[in-house]
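K.L.:
Okay, here's the structure, questions in a sec.
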Amino acid sequence: MRMVYDKETDAAYIYIIDTIRKGEVKKTVPMSENVILDYDSHKKLIGIEILSASKIVPKQAVAAMELE
């Protein structure tokens, strides 16, 4: 698992698998206004996107994320 943060868009992404290839996400499910789950063709969770991350994720966690 790895986590990245895009400061420009204030979005964080948690990769459940190391790399998500183009077209691998087959279903996107919004859990709330700011949290979106990505699933593969086997209905396995492969990623989590967090919008407005600086308002939701603790600052220490954002600071520990890779910058994108």
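Convention: chains lettered A, B, ... in structure tokens order; per-chain residue numbering from 1; ligands numbered from 1 as shown.
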List the spatial neighbours of His42 (chain A) as a ChimeraX atom specification - criterion: any atom at most 12 Å away, only C-alpha atoms, same-chain residues fewer than 4 positions off excluded.
P.N.:
/A:24-27,38,46
K.L.:
Could you pull out the strand (DSSP E) residues of chain A from DSSP and send them as a PyMOL selection string?
P.N.:
chain A and resi 2-6+11-15+27-30+35-39+45-51+66-67
K.L.:
When you look at Leu37 (chain A) with a cut-off of 10 Å (counting only C-alpha atoms), what residues show up, excluding the ones that are within fewer than 2 positions of it in the same chain? I need them as a PyMOL selection string.
P.N.:
chain A and resi 13-14+25+27-32+35+39+45-50
K.L.:
Among the residues of region 21-57 of chain A, find those DSSP assigns to alpha helix (DSSP H) from the backbone and print them as a ChimeraX atom specification.
P.N.:
/A:53-56
K.L.:
Go through A:Val4, A:Arg21, A:Ile16, A:Glu33 and flag the residue nearest Ser52 (chain A), using only C-alpha atoms for the distances.
P.N.:
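Of all the options, A:Glu33 lies closest to Ser52 (chain A).
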K.L.:
Which residues, written as a list in words, have at least one atom at most 7 Å from Leu51 (chain A), with only C-alpha atoms counted and residues fewer than 3 positions away on the same chain left out?
P.N.:
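These residues fall inside the cut-off: Asp10, Ala11, Ala12, Asn34 and Val35 of chain A.
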K.L.:
Would you save the residues from that selection as an mmCIF file, in the first residue's frame, using N, CA and C atoms?
P.N.:
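Result file part-v8.cif:
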data_model
loop_
_atom_site.group_PDB
_atom_site.id
_atom_site.type_symbol
_atom_site.label_atom_id
_atom_site.label_comp_id
_atom_site.auth_asym_id
_atom_site.auth_seq_id
_atom_site.Cartn_x
_atom_site.Cartn_y
_atom_site.Cartn_z
ATOM 1 N N ASP A 10 -5.243 19.278 -3.827
ATOM 2 C CA ASP A 10 -5.584 18.911 -2.453
ATOM 3 C C ASP A 10 -6.304 17.568 -2.407
ATOM 4 N N ALA A 11 -5.746 16.607 -3.141
ATOM 5 C CA ALA A 11 -6.323 15.263 -3.196
ATOM 6 C C ALA A 11 -5.275 14.241 -2.781
ATOM 7 N N ALA A 12 -5.720 13.255 -2.031
ATOM 8 C CA ALA A 12 -4.847 12.146 -1.636
ATOM 9 C C ALA A 12 -5.372 10.880 -2.302
ATOM 10 N N ASN A 34 -16.402 13.532 -0.393
ATOM 11 C CA ASN A 34 -14.947 13.620 -0.534
ATOM 12 C C ASN A 34 -14.210 12.296 -0.604
ATOM 13 N N VAL A 35 -14.895 11.179 -0.490
ATOM 14 C CA VAL A 35 -14.221 9.872 -0.494
ATOM 15 C C VAL A 35 -14.803 9.011 -1.612
#
K.L.:
Using only C-alpha atoms, which protein or nucleic acid residues come within 12 Å of Ser54 (chain A)? Drop anything in the same chain fewer than 4 positions from it, and give the result as a ChimeraX atom specification.
P.N.:
/A:5-12,34,50,58-63,65
K.L.:
Can you write just those residues out, C-alpha atoms, as an mmCIF file, in the first residue's frame?
P.N.:
data_model
loop_
_atom_site.group_PDB
_atom_site.id
_atom_site.type_symbol
_atom_site.label_atom_id
_atom_site.label_comp_id
_atom_site.auth_asym_id
_atom_site.auth_seq_id
_atom_site.Cartn_x
_atom_site.Cartn_y
_atom_site.Cartn_z
ATOM 1 C CA TYR A 5 -0.814 13.617 -2.117
ATOM 2 C CA ASP A 6 -1.320 16.203 -4.843
ATOM 3 C CA LYS A 7 -0.948 19.600 -3.194
ATOM 4 C CA GLU A 8 -2.246 21.455 -6.258
ATOM 5 C CA THR A 9 -5.612 19.667 -6.199
ATOM 6 C CA ASP A 10 -5.584 18.911 -2.453
ATOM 7 C CA ALA A 11 -6.323 15.263 -3.196
ATOM 8 C CA ALA A 12 -4.847 12.146 -1.636
ATOM 9 C CA ASN A 34 -14.947 13.620 -0.534
ATOM 10 C CA ILE A 50 -9.788 11.603 -0.794
ATOM 11 C CA PRO A 58 -4.543 14.474 9.816
ATOM 12 C CA LYS A 59 -1.644 16.807 8.948
ATOM 13 C CA GLN A 60 0.942 14.240 10.066
ATOM 14 C CA ALA A 61 -0.498 11.695 7.640
ATOM 15 C CA VAL A 62 -0.508 14.160 4.728
ATOM 16 C CA ALA A 63 3.105 15.098 5.526
ATOM 17 C CA MET A 65 2.566 10.881 1.915
#
K.L.:
Which residue gives the smallest distance to Arg2 (chain A) among A:Ile36, A:Leu67, A:Lys44, A:Val57, with only C-alpha atoms counted?
P.N.:
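Once distances to Arg2 (chain A) are computed over only C-alpha atoms, the minimum belongs to A:Leu67.
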